[in-house]
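Enquirer: Sharing a structure here in C-alpha cells format.
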There are 4 protein chains.
Amino acid sequence: MNVGFIGLGRMGSAMVRRLLRAGHHVTVYNRTRDKADALLGDGAVVADRVAEACHADAVVTMLADDGAVEAIVFGAAGVLASLPAGALHISSSTISVALAQRLAAAHEQVGQRFVSAPVFGRPDAAEAGRLFAIAAGAQTDVDRAAPVLDAFSQKRFYVAERPETANVVKLSGNFLIASMIEALGEALALVDKSGVAPRTFVDIITSTLFDAPVYRTYGALIAEQRFEPAGFAAPLGLKDVRLALSAAEDLRVPMPIASLLRDRFLALLAQGGERLDWSAIAGLAAADAGSAGVPSGDRVPSKTGDGHR
Amino acid sequence: MNVGFIGLGRMGSAMVRRLLRAGHHVTVYNRTRDKADALLGDGAVVADRVAEACHADAVVTMLADDGAVEAIVFGAAGVLASLPAGALHISSSTISVALAQRLAAAHEQVGQRFVSAPVFGRPDAAEAGRLFAIAAGAQTDVDRAAPVLDAFSQKRFYVAERPETANVVKLSGNFLIASMIEALGEALALVDKSGVAPRTFVDIITSTLFDAPVYRTYGALIAEQRFEPAGFAAPLGLKDVRLALSAAEDLRVPMPIASLLRDRFLALLAQGGERLDWSAIAGLAAADAGSAGVPSGDRVPSKTGDGHR
Amino acid sequence: MNVGFIGLGRMGSAMVRRLLRAGHHVTVYNRTRDKADALLGDGAVVADRVAEACHADAVVTMLADDGAVEAIVFGAAGVLASLPAGALHISSSTISVALAQRLAAAHEQVGQRFVSAPVFGRPDAAEAGRLFAIAAGAQTDVDRAAPVLDAFSQKRFYVAERPETANVVKLSGNFLIASMIEALGEALALVDKSGVAPRTFVDIITSTLFDAPVYRTYGALIAEQRFEPAGFAAPLGLKDVRLALSAAEDLRVPMPIASLLRDRFLALLAQGGERLDWSAIAGLAAADAGSAGVPSGDRVPSKTGDGHR
Amino acid sequence: MNVGFIGLGRMGSAMVRRLLRAGHHVTVYNRTRDKADALLGDGAVVADRVAEACHADAVVTMLADDGAVEAIVFGAAGVLASLPAGALHISSSTISVALAQRLAAAHEQVGQRFVSAPVFGRPDAAEAGRLFAIAAGAQTDVDRAAPVLDAFSQKRFYVAERPETANVVKLSGNFLIASMIEALGEALALVDKSGVAPRTFVDIITSTLFDAPVYRTYGALIAEQRFEPAGFAAPLGLKDVRLALSAAEDLRVPMPIASLLRDRFLALLAQGGERLDWSAIAGLAAADAGSAGVPSGDRVPSKTGDGHR
C-alpha cells in the first residue's frame, strides 16, 4: 500500500520501520528533516513537504499534540488541502476529543476518509509490532486502515462509528494508568511508613490481585523512587489528564480522581519535576507523608524520553 | 496438627474444610452453633466454648471485625485466657492495624505466639485452596503456621517481623481494589456518555493495559451496573477504607484517594446502598454525570453476600 | 467625559445609568439594539456600530464572556480598529486572565491605553453605585479611568501594573465565594442530619464567626434550599471556576477546592441544574447525604437571572 | 451561684475569672494544682479532688479532649459519681458528638442535669467576657446555666433539646473556619504567583466581599506566612476536623472539603508542623505551587499556644 507518514518521533519512526518491513511503500515527512533522512536506509522515501506525503492511499499522522496536528492538517498545503478525495487520513496522535471531531468533520466536507486510531504501547513495543491500535470510524474505512495498523500492532480494536470515540478510549486508558500510579503512590507511602519494604508490597500485590505488567512496571519504579529517565514525561501526563478532563467537561462528567491527578501533575511541575517520568506524581504522596523530598528533576541532568504511551 | 478455628462465616467454614482435607484435627467454635454443626460431617469437632477450641497447637480466628475479635480474644475465658503458653494464635480476620498491635503485645506478655495472616480471595477461592495468605510475625512462628495457611492458600507471603504489617498489606491491597473501582467508574461514566459501549471499553482495556482478573471482574460488574447480589458488601468496603485511613492517620500519611473513597461509600450508604456490592460506588460516578440513578438496594430484595476479600 | 459603553445586560445598563447621572456623555452599543434604546430616556446616545461607541475618551466593555469580548474587540471594525490612539479601553467583563493579557498587548501595540477593571457586586449594587471596582494597569491610566469607575462604585482598588492582575483578583474572589458555598453546604448537610435546624445554624454562625453579608445571603439560600430564581446562574459559576483553574494551570498552582467546585458544577449541570443559582451546588452535599433530592431546575419553569457578581 | 470549674488551661482560667467577677462562688480543680492556685488571688476556692468541685449547683468542665473528659467524668470519684442529683454539668470542652451523647445518657440515668455549651472565641475573648456560648439541652437546664454562661459570653445561643447538637454546631463552625483557611491559601497561592501582592488581595477582599474579622485575621497570617506562635495549634485543628468527620461518618454525610482538610493537617504534621498555627495548612498550597517551602516548626523554637477556639 502507498502510505504517507507524518511525525517521526521515537514512536513514529518505529511505526514507519514496521510499515516498511510489512512491504508498504512509505513516504515520510518530518518538520526537521534529519529524522526523515534517518529512515532512508530502511527504504523510506523522504518528502520535503506535507503535500508530497499526501500523494498516497493513506496518510498517517503521529504528532505531539493538538497544535502540531492543527498546523499539519489545517495549514496551507496541509493534509486537508493535499490529500486526494477518497484517500484516508489515519490519526494516531494522542489528541483532544474535540480536535478529532473537527478533523472528522473537515475531512468529510472535502470527501476524504478519516480514521482515528491512537495506540497503546511504548516505542519498544512499536518497534516490535506489539502496539495495540484503537480504531474508530466508518467500518469500511477502518477495514482499509487495517493493513497499516496491523503492521505495527499486535491487536486492533474497533470502537465505534464516530472517529473521536477512539480518542476517548485512549485518554480514558491513560487516565486509568495515572489513577493506578496515584493509588500505588498512596499505598506505598503507607506501607513504607508502616515498616513494610515497598518492594515486598509490590511483589505481593503483583503476584496476587494485580498480576499485570503495568502494575509491575510502575510498582517497581515507585517502590524505588526511580523517576529518571522518563519513559513518558510528566508534562505529557498532565496533557493527557487535561484532555480527559476537557472531554469530560464538555459532556458534563465529573471525574474526581482526574481532578486530583491534574493537581498532582501541577504540583510536580511547579516543583521542578519537568523532566521526570509521569509516575513521579507517586513521589508526592511520599513527600506529603514526610518520607521523602519532593521528586525533582533539577538534581540530575538527564534526557526526557519522548515515549508515547 | 491440632487446630482450633473460631469464626465460621462463609470464609471460615471453607477454610476449615480445607484444613480437614489436609489431615489436620480441627476443633471449631462459632457464636451461633448451627454453623459449627454444619461441619460435623466434614470431620470437625464442635466446641461449646472458645476455651475448648484453644486446646490446640494453633488457633485460627476468622471474624467479622475488630469488635468480634476483641470479644473473642480479650473476653472472659477468651483466647488470651485459654491458649496454652507457647501455642500459636493465627489471626486471619481483616482487622485494624491498631488491634493487630494490641494482640501482638497481649500474646507476648503471656508467652503465647502470634501470627497475623489475613488472606486475599473470596469464599470460592478458599473452598478451592486458592487463597493468598499474607503472613507477618516472628519467622519461626510463621514457619509453624505454614501447614495451616498452606491448607487453604495457593501461595503464602512473608511480610515482616511485626505482625501488624500483614494487616497494613491487606488493607492497602483492598484500598488498591477500591481505587480501581472508582477509577473504572469515572472512566466508564465518560466513555458511556461519549457513545462508547461500556462493555467495549472494558474489553479493550482488559485485553491490553489491564489484563488482570480483578479488572475483568469489576469491569463487567460496573459496565453492566450489576451490583447485586453483593460479593463483598458496601459496608465492608467502607470498613476497610476506614481501617486504611485510620492506620494512615496514626502514621500521618495523607491518602487523598482513600478520602474520596470514604466519601463515596458514605454517599452510597446514605442513599440506600447498604446491600449492594462495594463496586456500586462506581455507579455514583455515572449518577453524578446524570447517566443513571443512584444505585440503591431498596428496589430489589436480595441477600447480601458475606464474602470476604 | 466622553464615554462609550458596550454590553448592556442588567449590569451594563445599570452602570450606564450611573455614568449618565454622574454627568458623562455616554454612547452605548449592544448587539441587540432594543437594550440600547431602553437607555435613550436616560440620556444615552445609541450607536449602530461598535466603532461609533469608540469615538470617545474611554470605552467600557461589559460583556458575557471571552468569546463576546474577542468578537467585539478583535473583530472587523471592532474596538481595536476603532479606538483613537491614546484613548482608553476599560474592560469590566469577567474574562480569562489570558484574554486580559492579550488585550493589554494588543492595545499597547497600536498605542491605545488599557485598564482591566472588573467589579464585585450585583445589578442592584450597580444601580445604587455601590459596586467595588478592582482596577489594574498603568497608574496614570487607572487615574484617567477613575471618574468612570467611581460613577458606579462605592470604592475603587488598585491592584498592580499588569492589567490582568485585576482579573486574577476578581476570579479569586469568586472562587472564595464558591468555596464558602460548598463549605456551607457540607456543614448544613451535617447539622441538618444531626437534628439542628439549618436556619438556627446559619443564624449562629453569622452572628458570631462569620458576620458578613455574603454568609448571610448564601446561608439563607442554602438553609432553605431556595435556588430559584438564580441571582448568578450555575453555568456562570462553572465558567468562573474554570477561568480560575485555567489561570492557575498556566502558573502551575494546584487548587484542590477549585477542582472540587468544578466537579460539583459539572454534576449540578449534568443533572438538570442549568437554571439554578450557583449556590445550588450546596444542595449536592445534602443529596449525597441522602437528605434531599438533587437540586434540579426542571421542575419549576423560571427565568435565570443574568446578574453578574 | 455555687459553681465548680474543672480544667484550667488558658481558656478555663479566663472563664473562671469572669465567673468570679460576676459574683459567683467558684471552686476550681485542675490536674496540676499550680494552675488552680494561680486563681486564689481572684477569689477562687481550690479543690484537691474532682469531687470537691462537684459540691455545687453546677460544675463546668473545660478540658482538652475526649480522653480528659472521660477520665474526669467517668473515673472513680469523678463528676458522675460526685455531682448531687439535680445538679448541673455544663460541658464547654470541644469534644466528640458521640461523647456528648454518652454524657447526656449517663447523667440522665443518675438524675443529674446536663447542658452541652461549647464556646467560640479565643482566650482573650474569654478574658473580656466576649465568648459566644452555644448551648443545647433541656430548655430549663439551659436557663439554669445562663448566669454561668453569660459571665464569660457576649451572647448565648440555644440550639436544640439534645445536648450533643451544640457540639455539632461547634465542630461545624470550626470546619467552616478551616475551610476558609484552605480556600484563602489556594487563592493566595494563585494571586501571589500572578504578581499580586498577597496583602493587597487580602485588603481588597476583606474590604468588599468578606468584611469579617475572621477573614482579616487569617488573611493577614497567611499573606505573611506567619504561622508562629500558634494561636490554635495544628494538632488541635486536626482533632476538630477529625471530630467533624467522625460525626458525619456516623450519620453518613460525605464532606469532601473536610476530607481534604484532614489530608492537609496530616501532611503538615508529617512534615514537622506540630507547633504551628492551624492556618499553616494554607502554606501547603503555596508549597505545592512551588512558591515556598513547606511550613515547618522545626526552624524556630517556640511555644505552642493552647488557645481554644
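Each chain of the C-alpha cells is named A, B, ... in the order shown, its residues numbered from 1; ligands are numbered from 1 in display order.
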Residues of chain D within 6 Å of chain C, using only C-alpha atoms, as a list in words?

Expert: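 Listed by rising number, the hits are Ser172, Glu186, Ala187, Asp211, Ala212, Val253, Met255 and Ala289 of chain D.
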
Enquirer: Pull N, CA and C atoms from the residues just selected and write them as a PDB file, in the first residue's frame.

Expert:
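In the end it all went to out-v1.pdb:
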```
ATOM      1  N   SER D 172     -18.911  22.159  63.425  1.00  0.00           N
ATOM      2  CA  SER D 172     -19.205  22.660  62.077  1.00  0.00           C
ATOM      3  C   SER D 172     -18.678  24.078  61.899  1.00  0.00           C
ATOM      4  N   GLU D 186      -5.306  28.667  48.920  1.00  0.00           N
ATOM      5  CA  GLU D 186      -5.267  28.393  47.482  1.00  0.00           C
ATOM      6  C   GLU D 186      -5.336  29.695  46.690  1.00  0.00           C
ATOM      7  N   ALA D 187      -6.221  30.586  47.104  1.00  0.00           N
ATOM      8  CA  ALA D 187      -6.361  31.857  46.387  1.00  0.00           C
ATOM      9  C   ALA D 187      -5.062  32.656  46.460  1.00  0.00           C
ATOM     10  N   ASP D 211     -16.024  41.086  54.647  1.00  0.00           N
ATOM     11  CA  ASP D 211     -15.726  42.077  55.667  1.00  0.00           C
ATOM     12  C   ASP D 211     -16.044  41.480  57.038  1.00  0.00           C
ATOM     13  N   ALA D 212     -15.204  40.522  57.461  1.00  0.00           N
ATOM     14  CA  ALA D 212     -15.416  39.863  58.753  1.00  0.00           C
ATOM     15  C   ALA D 212     -14.062  39.662  59.417  1.00  0.00           C
ATOM     16  N   VAL D 253     -22.715  11.322  56.203  1.00  0.00           N
ATOM     17  CA  VAL D 253     -22.696  12.600  55.488  1.00  0.00           C
ATOM     18  C   VAL D 253     -21.297  12.772  54.882  1.00  0.00           C
ATOM     19  N   MET D 255     -18.313  14.702  53.379  1.00  0.00           N
ATOM     20  CA  MET D 255     -17.881  16.104  53.444  1.00  0.00           C
ATOM     21  C   MET D 255     -16.517  16.223  52.768  1.00  0.00           C
ATOM     22  N   ALA D 289       2.574  24.880  45.020  1.00  0.00           N
ATOM     23  CA  ALA D 289       2.733  25.725  43.838  1.00  0.00           C
ATOM     24  C   ALA D 289       4.199  26.099  43.604  1.00  0.00           C
TER      25      ALA D 289
END
```

Enquirer: For Gly43 (chain A), work out the shell of residues within 8 Å, counting only C-alpha atoms and skipping chain neighbours fewer than 3 positions away, then give it as a PyMOL selection string.

Expert: chain A and resi 20+26+39-40

Enquirer: Based on the selection just made, write N, CA and C atoms of those residues as an mmCIF file, in the first residue's frame.

Expert:
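Result went into result.cif, see below:
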```cif
data_model
loop_
_atom_site.group_PDB
_atom_site.id
_atom_site.type_symbol
_atom_site.label_atom_id
_atom_site.label_comp_id
_atom_site.auth_asym_id
_atom_site.auth_seq_id
_atom_site.Cartn_x
_atom_site.Cartn_y
_atom_site.Cartn_z
ATOM 1 N N LEU A 20 7.467 -0.444 6.612
ATOM 2 C CA LEU A 20 8.384 -0.812 5.523
ATOM 3 C C LEU A 20 8.621 -2.319 5.521
ATOM 4 N N VAL A 26 6.412 3.672 1.710
ATOM 5 C CA VAL A 26 6.171 4.729 2.696
ATOM 6 C C VAL A 26 6.944 6.012 2.386
ATOM 7 N N LEU A 39 15.566 7.429 8.064
ATOM 8 C CA LEU A 39 14.782 6.268 7.636
ATOM 9 C C LEU A 39 15.065 5.876 6.184
ATOM 10 N N LEU A 40 15.946 6.620 5.547
ATOM 11 C CA LEU A 40 16.278 6.315 4.158
ATOM 12 C C LEU A 40 16.805 4.888 4.025
#
```

Enquirer: Near Ala233 (chain D), counting only C-alpha atoms, which residues have an atom at most 6 Å away, once you skip same-chain residues fewer than 2 positions from it, shown as a PDB file with all heavy atoms, in the first residue's frame?

Expert:
```
ATOM      1  N   ALA D 230       1.588  29.803  67.575  1.00  0.00           N
ATOM      2  CA  ALA D 230       0.270  29.288  67.241  1.00  0.00           C
ATOM      3  C   ALA D 230      -0.792  29.860  68.165  1.00  0.00           C
ATOM      4  O   ALA D 230      -0.655  29.825  69.385  1.00  0.00           O
ATOM      5  CB  ALA D 230       0.265  27.770  67.357  1.00  0.00           C
ATOM      6  N   PRO D 235      -2.242  20.521  65.655  1.00  0.00           N
ATOM      7  CA  PRO D 235      -2.824  19.240  66.120  1.00  0.00           C
ATOM      8  C   PRO D 235      -4.265  19.400  66.616  1.00  0.00           C
ATOM      9  O   PRO D 235      -5.068  18.474  66.486  1.00  0.00           O
ATOM     10  CB  PRO D 235      -1.893  18.821  67.269  1.00  0.00           C
ATOM     11  CG  PRO D 235      -0.594  19.504  66.978  1.00  0.00           C
ATOM     12  CD  PRO D 235      -0.974  20.813  66.343  1.00  0.00           C
ATOM     13  N   LEU D 236      -4.577  20.577  67.160  1.00  0.00           N
ATOM     14  CA  LEU D 236      -5.959  20.819  67.577  1.00  0.00           C
ATOM     15  C   LEU D 236      -6.864  20.965  66.358  1.00  0.00           C
ATOM     16  O   LEU D 236      -8.023  20.547  66.370  1.00  0.00           O
ATOM     17  CB  LEU D 236      -6.038  22.077  68.453  1.00  0.00           C
ATOM     18  CG  LEU D 236      -5.216  22.016  69.746  1.00  0.00           C
ATOM     19  CD1 LEU D 236      -5.286  23.359  70.483  1.00  0.00           C
ATOM     20  CD2 LEU D 236      -5.727  20.900  70.657  1.00  0.00           C
ATOM     21  N   LEU D 276       2.989  24.693  64.755  1.00  0.00           N
ATOM     22  CA  LEU D 276       2.473  25.851  64.029  1.00  0.00           C
ATOM     23  C   LEU D 276       0.991  26.075  64.271  1.00  0.00           C
ATOM     24  O   LEU D 276       0.271  25.175  64.690  1.00  0.00           O
ATOM     25  CB  LEU D 276       2.708  25.659  62.530  1.00  0.00           C
ATOM     26  CG  LEU D 276       4.156  25.424  62.098  1.00  0.00           C
ATOM     27  CD1 LEU D 276       4.235  25.350  60.589  1.00  0.00           C
ATOM     28  CD2 LEU D 276       5.058  26.527  62.634  1.00  0.00           C
ATOM     29  N   ASP D 277       0.546  27.270  63.956  1.00  0.00           N
ATOM     30  CA  ASP D 277      -0.863  27.571  63.969  1.00  0.00           C
ATOM     31  C   ASP D 277      -1.575  26.726  62.912  1.00  0.00           C
ATOM     32  O   ASP D 277      -0.989  26.388  61.878  1.00  0.00           O
ATOM     33  CB  ASP D 277      -1.081  29.061  63.651  1.00  0.00           C
ATOM     34  CG  ASP D 277      -2.516  29.497  63.913  1.00  0.00           C
ATOM     35  OD1 ASP D 277      -2.917  29.543  65.087  1.00  0.00           O
ATOM     36  OD2 ASP D 277      -3.240  29.762  62.936  1.00  0.00           O
ATOM     37  N   TRP D 278      -2.833  26.417  63.159  1.00  0.00           N
ATOM     38  CA  TRP D 278      -3.551  25.579  62.190  1.00  0.00           C
ATOM     39  C   TRP D 278      -3.659  26.251  60.822  1.00  0.00           C
ATOM     40  O   TRP D 278      -3.831  25.569  59.816  1.00  0.00           O
ATOM     41  CB  TRP D 278      -4.903  25.134  62.733  1.00  0.00           C
ATOM     42  CG  TRP D 278      -5.970  26.189  62.903  1.00  0.00           C
ATOM     43  CD1 TRP D 278      -5.788  27.505  63.166  1.00  0.00           C
ATOM     44  CD2 TRP D 278      -7.388  25.972  62.823  1.00  0.00           C
ATOM     45  NE1 TRP D 278      -7.003  28.130  63.281  1.00  0.00           N
ATOM     46  CE2 TRP D 278      -8.005  27.208  63.075  1.00  0.00           C
ATOM     47  CE3 TRP D 278      -8.191  24.862  62.595  1.00  0.00           C
ATOM     48  CZ2 TRP D 278      -9.393  27.379  63.083  1.00  0.00           C
ATOM     49  CZ3 TRP D 278      -9.572  25.012  62.601  1.00  0.00           C
ATOM     50  CH2 TRP D 278     -10.163  26.273  62.842  1.00  0.00           C
TER      51      TRP D 278
END
```

Enquirer: Please return as an NGL selection string: the residues of region 47-189 of chain C that backbone DSSP assigns to alpha helix (DSSP H).

Expert: :C and (50-53 or 66-74 or 79-82 or 97-109 or 123-127 or 139-152 or 164-189)

Enquirer: Tell me, as an MDAnalysis selection string, which residues lie within 7 Å of Val115 (chain B), counting only C-alpha atoms; anything in the same chain fewer than 5 positions away does not count.

Expert: chainID B and resid 89:91 135:137 141:142 163

Enquirer: Please produce a file of those selected residues containing all heavy atoms, as a compact mmCIF listing (two decimals), in the first residue's frame.

Expert:
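Once written, again_1.txt looks like this:
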```txt
# COMPACT_ATOMS: atom_id res chain seq x y z
N HIS B 89 -1.52 -18.23 67.99
CA HIS B 89 -2.77 -17.62 67.52
C HIS B 89 -2.51 -17.07 66.13
O HIS B 89 -1.64 -16.22 65.94
CB HIS B 89 -3.22 -16.51 68.47
CG HIS B 89 -4.44 -15.77 67.99
ND1 HIS B 89 -4.81 -14.55 68.49
CD2 HIS B 89 -5.37 -16.10 67.06
CE1 HIS B 89 -5.92 -14.14 67.88
NE2 HIS B 89 -6.28 -15.06 67.01
N ILE B 90 -3.29 -17.56 65.17
CA ILE B 90 -3.19 -17.05 63.79
C ILE B 90 -4.44 -16.22 63.52
O ILE B 90 -5.54 -16.74 63.48
CB ILE B 90 -3.12 -18.21 62.77
CG1 ILE B 90 -1.93 -19.12 63.07
CG2 ILE B 90 -3.06 -17.66 61.35
CD1 ILE B 90 -1.92 -20.41 62.24
N SER B 91 -4.25 -14.92 63.36
CA SER B 91 -5.39 -14.03 63.13
C SER B 91 -5.54 -13.76 61.64
O SER B 91 -4.69 -13.10 61.03
CB SER B 91 -5.16 -12.72 63.89
OG SER B 91 -6.09 -11.74 63.45
N ALA B 135 1.39 -13.24 55.60
CA ALA B 135 1.74 -13.53 56.99
C ALA B 135 2.85 -12.64 57.51
O ALA B 135 3.80 -12.33 56.80
CB ALA B 135 2.15 -14.99 57.11
N ALA B 136 2.71 -12.25 58.78
CA ALA B 136 3.76 -11.49 59.44
C ALA B 136 3.86 -11.92 60.89
O ALA B 136 2.87 -12.30 61.52
CB ALA B 136 3.48 -9.99 59.34
N GLY B 137 5.06 -11.86 61.42
CA GLY B 137 5.35 -12.28 62.78
C GLY B 137 6.77 -12.81 62.81
O GLY B 137 7.50 -12.69 61.82
N ASP B 141 7.55 -18.45 63.97
CA ASP B 141 6.10 -18.61 64.17
C ASP B 141 5.39 -18.78 62.83
O ASP B 141 4.46 -19.58 62.70
CB ASP B 141 5.53 -17.40 64.92
CG ASP B 141 6.05 -17.34 66.34
OD1 ASP B 141 6.40 -18.42 66.89
OD2 ASP B 141 6.12 -16.23 66.90
N VAL B 142 5.81 -17.98 61.86
CA VAL B 142 5.19 -18.11 60.54
C VAL B 142 5.49 -19.50 59.96
O VAL B 142 4.63 -20.12 59.33
CB VAL B 142 5.65 -16.97 59.61
CG1 VAL B 142 5.11 -17.18 58.19
CG2 VAL B 142 5.18 -15.62 60.15
N PRO B 163 3.80 -8.32 63.47
CA PRO B 163 2.59 -8.95 62.93
C PRO B 163 1.66 -7.98 62.21
O PRO B 163 1.08 -8.31 61.18
CB PRO B 163 1.92 -9.53 64.18
CG PRO B 163 3.04 -9.81 65.13
CD PRO B 163 4.01 -8.68 64.90
```

Enquirer: Mind checking DSSP for region 100-287 of chain A and telling me the strand (DSSP E) residues as a list in words?

Expert: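 Reading the DSSP output for region 100-287 of chain A, strand (DSSP E) covers Arg113, Phe114, Val115, Ser116, Val119, Phe120, Leu131, Phe132, Ala133, Ile134, Ala135, Ser153, Gln154, Lys155, Arg156, Phe157 and Tyr158 of chain A.
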
Enquirer: Provide the CA of Glu127 (chain B) to CA of Gly67 (chain B) distance in Å, to one decimal place.

Expert: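 Separation of CA of Glu127 (chain B) and CA of Gly67 (chain B): 26.0 Å.
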
Enquirer: So how many Å separate CA of His25 (chain A) and CA of Ala106 (chain A), to one decimal?

Expert: 26.5 Å

Enquirer: List the spatial neighbours of Val73 (chain D) as a tab-separated table (two decimals) with C-alpha atoms, in the first residue's frame - criterion: any atom at most 12 Å away, only C-alpha atoms, same-chain residues fewer than 3 positions off excluded.

Expert:
```
chain	number	residue	atom	x	y	z
D	6	ILE	CA	-12.66	21.77	86.14
D	7	GLY	CA	-9.93	22.39	83.58
D	50	VAL	CA	-12.80	16.46	91.44
D	51	ALA	CA	-15.45	15.54	93.97
D	53	ALA	CA	-15.56	20.83	92.77
D	54	CYS	CA	-18.80	18.94	92.35
D	59	VAL	CA	-19.95	22.22	87.50
D	60	VAL	CA	-18.31	23.40	84.32
D	61	THR	CA	-15.77	21.20	82.51
D	62	MET	CA	-13.34	22.83	80.10
D	63	LEU	CA	-10.85	20.12	79.13
D	66	ASP	CA	-12.41	13.34	74.84
D	67	GLY	CA	-9.87	11.40	76.86
D	68	ALA	CA	-9.58	14.10	79.51
D	69	VAL	CA	-13.34	14.46	79.80
D	70	GLU	CA	-13.87	10.72	80.05
D	76	ALA	CA	-13.60	6.85	90.13
D	77	ALA	CA	-14.80	9.75	92.25
D	78	GLY	CA	-15.39	11.64	89.06
D	79	VAL	CA	-18.13	14.08	88.15
D	80	LEU	CA	-20.71	11.38	87.54
D	81	ALA	CA	-20.08	9.82	90.92
D	82	SER	CA	-19.87	13.10	92.79
D	83	LEU	CA	-22.37	15.57	91.43
D	89	HIS	CA	-22.98	19.64	84.46
D	90	ILE	CA	-22.07	22.22	81.83
D	91	SER	CA	-19.62	20.78	79.31
D	99	LEU	CA	-19.08	11.56	73.82
D	100	ALA	CA	-21.61	14.34	74.32
D	102	ARG	CA	-22.77	9.39	76.22
D	103	LEU	CA	-22.53	12.15	78.81
D	104	ALA	CA	-26.16	13.10	78.30
D	106	ALA	CA	-25.07	8.87	81.75
D	107	HIS	CA	-26.21	12.00	83.61
```

Enquirer: Report as a list in words all protein, DNA and RNA residues lying within 9 Å of Thr27 (chain B), evaluated on only C-alpha atoms, omitting residues in the same chain fewer than 6 positions from it.

Expert: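 Non-adjacent residues within range: Asn2, Val3, Gly4, Phe5, Ile6, Ala44, Val45, Val46, Ala47, Glu52, Ala53, Cys54, His55, Ala56 and Val59 of chain B.
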
Enquirer: Please report the interatomic distance between CA of Asp57 (chain B) and CA of Gly75 (chain B) in Å with one decimal.

Expert: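 Going from CA of Asp57 (chain B) over to CA of Gly75 (chain B) covers 20.5 Å.
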